[in-house]
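Heads up, the thing below is written out as C-alpha cells.
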Amino acid sequence: MKIDGETSFQATNDQDIGCSCNHNNEANGLNIYIPSIISFTMLIIGITLDYFKSISLFEGWIRIAWYSIAYLPVGFPVLKEGWKSIRKGDFFTEFLLMSIATIGAFILGEYPEGVAVMLFYAVGELFQGAAVSKAKGNIKALLDVRPKVANVFRNGSILNISPETVNIGEKIQVRVGEKIPLDGKLLSKKASLNTAALTGESKPDTITQGDDVYAGSINMENVIEIEVTKVFKDSSIARILDLVQNATARKSKTELFIRKFARVYTPIIVFLAIGITVLPYFFVNEYIFRDWLYRALIFLVISCPCALVISIPLGYFGGLGAASKNGILFKGASFLDAMTKINTLVMDKTGTVTKGVFKITEIKPYGLSEEELMQYLLAIEEQSTHPIAQAIMQYNTNSKFTATQVTEIAGKGLQGIVNDKMVLVGNKALLKNNGIEVPKETKEIVASVVLIAIENQFAGYVIIADELKEDAKDTITELRNVGIQHIIMLSGDKDSITQKIAADLGINKAKGGLLPEDKLNEVELLKVDQENKIAFIGDGINDAPVLAASDVGIAMGGLGSDVAIETADIVIQTDQPSKVVKAIKIGHSTRKIVWQNIILAFGIKLIVLILGAGGLATMWEAVFADVGVALLAILNAIRLQKMKW
C-alpha cells in the first residue's frame, strides 16, 4: 500500500470498520449532527403537543406532516443508502431493516416512534463515528510524524524540498523541534532526539557523531546536520507506516465470522418478521393485522446486527491502536488473537535478551599493571575491525602505544610489534602454537576471553561479554505469569555462553552454536506436537526463516533487520523484551472485550426479541435493544484506549 497521503489510510480503515452496517458517516453522506438536532427538537415539540390534547390544531394531516418533516432529516439519508444497496443487489442491509421498521410505524400511525427509532439510530451513528475516530487516533497519530519538508544543502544553499526527492549521500539540516525527514548518519558532534514515534518511548535519546538517526525522530537541541543513507520510501518511518496501514487488512477469525454471520442473519430476520405478521392469521382466533405488524416491526428494530458488526471490528481496531501507542506493531487483528493462544516461546539470545554490544567485564594482568597491559592490547586491536576489538577500544587510557607489523592469524588472533616487543593477542590456540602456557583459570571462563602474551610470556587476559538487557530477567518471570510455561533459547553463539545466559535468566532449555537452519529444525520439531503454539522472537537476518515458520513471529527492534521485520507478524519497536509480555496482555484484553460484546449483544437482543414477539415490548424497548446495546458495546470497546498493561 502506498504511503502517499492520509486519504488512502482513511478509506481503508473506514471499510474495515464499516462492513454491512457502514458507519462511516462522512463516507456515506450521513452527516447527521445538525439533522439530528432538528429531528430531536421537532420530535420533542410533537410529543409535547400530543400530550396536550386540548390543542386541536395538532391532529390529522398537520400532525402527519409535522412528524414526516421531523423524520426526513435523519430518515432520508438512510432511505437513500438502502435504495443504493438494493440497486447494487445488496437487499438485506441494516438500512433496509431500519427503513421498513420506521415506514411501517408511520403506516400504523405510530409517528413519534417512527421518528424516534430513526433518530436514535442517527445518534448511534454519531457515537459510533466518534468511537471509530478515537480508536484510529493512536494509529493516525503516526501519520502526523511523517516529515513534509527536508532542508537540503545544494549548490551552496539550503533548499526546502520534499523528502522523496532527496538522494542518498546528500547532506540535510534539521532545526530544533523539527522532524528528521530521512534516515542517515549524524555529522554534528551530538544530538538529543525524541524517538517516541518510532519506539513508543518518550525519553530523549542522546547520540554522537557517526551514529545512525532515523526519520520521524524529533530534534530536541541545537541545529544538526545529517548525511542521508536511505531514500524516503526505505526510511524507518515509511516502513512503520506501511506496517500500520496494512495491519487492518488482516482480520481475526472472529471478525470474519461476524461479517459472514451478518450477511446470513439479516435476510433470516426479514423473513421471520414477515412470518410474525402473516402466520398468526392461521393459528390465532382474534387475529388483528395491525398488532402483529407492529410486533414484526419491533422485531426488525431489535434484530439489527449493528452492535455486533461495529463493536467487534472496533474492539480489534482499539487493540491495534493501543498496541501501537505502546510501541508494538501487530500486522493484523488475527495476530492479536494468535498471541492469546501461544504456550511456547522460543527466543534468540543476542539482541533479544542481551544488548548485542560487547563490553569488557574483567581485566586480569600478570606481572604488569592493568593500564600497561591495556596499552599493549589497544595498540594491536586498533588495527582490527572485529566486534571484540571495537569493544576493547572503548577502554579509556591517557597514553597510547603504537603497534607495527600487525598481522592477523586466521581464526586465532593478531600479532604485532609494540615498543619493540612481540605481542600476541587472541585465543588459546594462538598462544599454544607459540609455546606459551596458558593458566588453568582461563579454561573455566565461559564468556569470550582475549589472551595477551608479550615477548613469549603470558601477560594477562581480558573478558568480553554481552550484557543482559535491563528488563530481560523480569520478562521471563512475567512470561510465566501470563501462561507461557515453555521458554526455549536458541542461539548462534557458543553453547557455553548460551547456557550461562539461560541459567542467569531462569530458562531451563537452551541450545547454542546453531546455524539458521538448525534453529528452523528445532522449531519444526516443536511443531510436530500440535498442542504447541509457538512464538519466536529474534532480530537478525538469520532469524527470518524461524520467524516465518512460527505461529507468531516477533521481530525485536523496529529499527532492526529489514528482513526480520518484513517476515515477522509483530514488531517490537524498542529493544525491550518486556514489550512481548505487554503484547500478550493486549491480545488477551482485546479478545476479552470482543467476547463481552458478543455475549452482551446476543443476550439482550434475545430477551427483547422474545418479549417483542410476545407483544410485551414496545418500539422504545426495541430502540434500546438496537442502539442502546450498540452504544454499550462501543463504550466497552473503547476502554482499550485507556487500559494500562
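By convention here, the chains of the C-alpha cells are called A, B, ... in the order presented, each chain's residues are numbered starting at 1, and ligands are numbered starting at 1 in the order presented.
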
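Note that DSSP on the backbone gives strand (DSSP E or B) to these residues of range 431-533 of chain A: A:Ser448, A:Val449, A:Val450, A:Leu451, A:Ile452, A:Ala453, A:Ile454, A:Gln457, A:Phe458, A:Ala459, A:Gly460, A:Tyr461, A:Val462, A:Ile463, A:Ile464, A:Ala465, A:Asp466, A:Glu467, A:Leu468, A:His486, A:Ile487, A:Ile488, A:Met489, A:Leu490, A:Lys509, A:Ala510, A:Lys511.
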
Just-selected residues, C-alpha atoms written as an mmCIF file, in the first residue's frame:
data_model
loop_
_atom_site.group_PDB
_atom_site.id
_atom_site.type_symbol
_atom_site.label_atom_id
_atom_site.label_comp_id
_atom_site.auth_asym_id
_atom_site.auth_seq_id
_atom_site.Cartn_x
_atom_site.Cartn_y
_atom_site.Cartn_z
ATOM 1 C CA SER A 448 34.720 -14.597 25.287
ATOM 2 C CA VAL A 449 38.293 -14.203 26.544
ATOM 3 C CA VAL A 450 41.191 -12.353 24.869
ATOM 4 C CA LEU A 451 44.608 -13.664 25.921
ATOM 5 C CA ILE A 452 47.737 -11.461 25.756
ATOM 6 C CA ALA A 453 51.382 -12.547 25.589
ATOM 7 C CA ILE A 454 54.405 -10.206 25.492
ATOM 8 C CA GLN A 457 55.408 -14.597 28.270
ATOM 9 C CA PHE A 458 51.749 -14.783 29.316
ATOM 10 C CA ALA A 459 50.817 -11.195 30.288
ATOM 11 C CA GLY A 460 47.115 -11.442 31.156
ATOM 12 C CA TYR A 461 43.620 -11.688 29.747
ATOM 13 C CA VAL A 462 40.524 -9.612 29.167
ATOM 14 C CA ILE A 463 36.979 -10.990 29.392
ATOM 15 C CA ILE A 464 34.464 -9.651 26.869
ATOM 16 C CA ALA A 465 30.767 -10.309 27.416
ATOM 17 C CA ASP A 466 27.428 -9.273 26.035
ATOM 18 C CA GLU A 467 25.269 -7.564 28.646
ATOM 19 C CA LEU A 468 21.769 -8.667 29.578
ATOM 20 C CA HIS A 486 7.717 -23.411 27.844
ATOM 21 C CA ILE A 487 10.535 -20.937 27.171
ATOM 22 C CA ILE A 488 13.463 -22.010 24.988
ATOM 23 C CA MET A 489 16.614 -20.116 23.960
ATOM 24 C CA LEU A 490 18.296 -20.865 20.626
ATOM 25 C CA LYS A 509 16.129 -25.300 27.918
ATOM 26 C CA ALA A 510 18.767 -23.660 25.710
ATOM 27 C CA LYS A 511 20.978 -24.567 22.756
#

Exercise for the section: Would you mind listing what lies within 6 Å of range 371-387 of chain A as a list in words, with only C-alpha atoms counted and same-chain residues fewer than 4 positions away left out? Expected result: Lys400, Phe401, Thr402 and Ala403 of chain A

What would the file look like if the residues just selected were written as a short mmCIF file (atom, residue, chain, number, x, y, z; two decimals), in the first residue's frame with N, CA and C atoms?
data_model
loop_
_atom_site.label_atom_id
_atom_site.label_comp_id
_atom_site.auth_asym_id
_atom_site.auth_seq_id
_atom_site.Cartn_x
_atom_site.Cartn_y
_atom_site.Cartn_z
N LYS A 400 49.24 6.28 24.90
CA LYS A 400 48.91 5.30 23.88
C LYS A 400 50.17 4.77 23.22
N PHE A 401 50.31 3.44 23.15
CA PHE A 401 51.42 2.82 22.43
C PHE A 401 51.05 2.69 20.95
N THR A 402 52.08 2.48 20.14
CA THR A 402 51.87 2.31 18.71
C THR A 402 52.35 0.93 18.28
N ALA A 403 51.54 0.25 17.47
CA ALA A 403 51.89 -1.09 17.00
C ALA A 403 52.32 -1.05 15.54
#

Exercise for the section: Quick one: everything within 12 Å of Glu444 in chain A, counting only C-alpha atoms, minus sequence neighbours fewer than 6 positions away in the same chain. Send it as an MDAnalysis selection string. Expected result: chainID A and resid 438 463 496:497

Problem - Distance in Å - CA of Pro439 in chain A versus CA of Leu368 in chain A - result: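 Distance between the two atoms: 16.0 Å.
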
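The gap separating CA of Ala548 in chain A from CA of Ile507 in chain A is 23.5 Å, in Å to one decimal.
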
Practice task
Tell me which protein, DNA and RNA residues are within 8 Å of range 179-184 of chain A, counting only C-alpha atoms, leaving out same-chain ones fewer than 5 positions away, and put them as a PyMOL selection string.
Solution key: chain A and resi 145-150+163+174+212-219+226-232+235-236
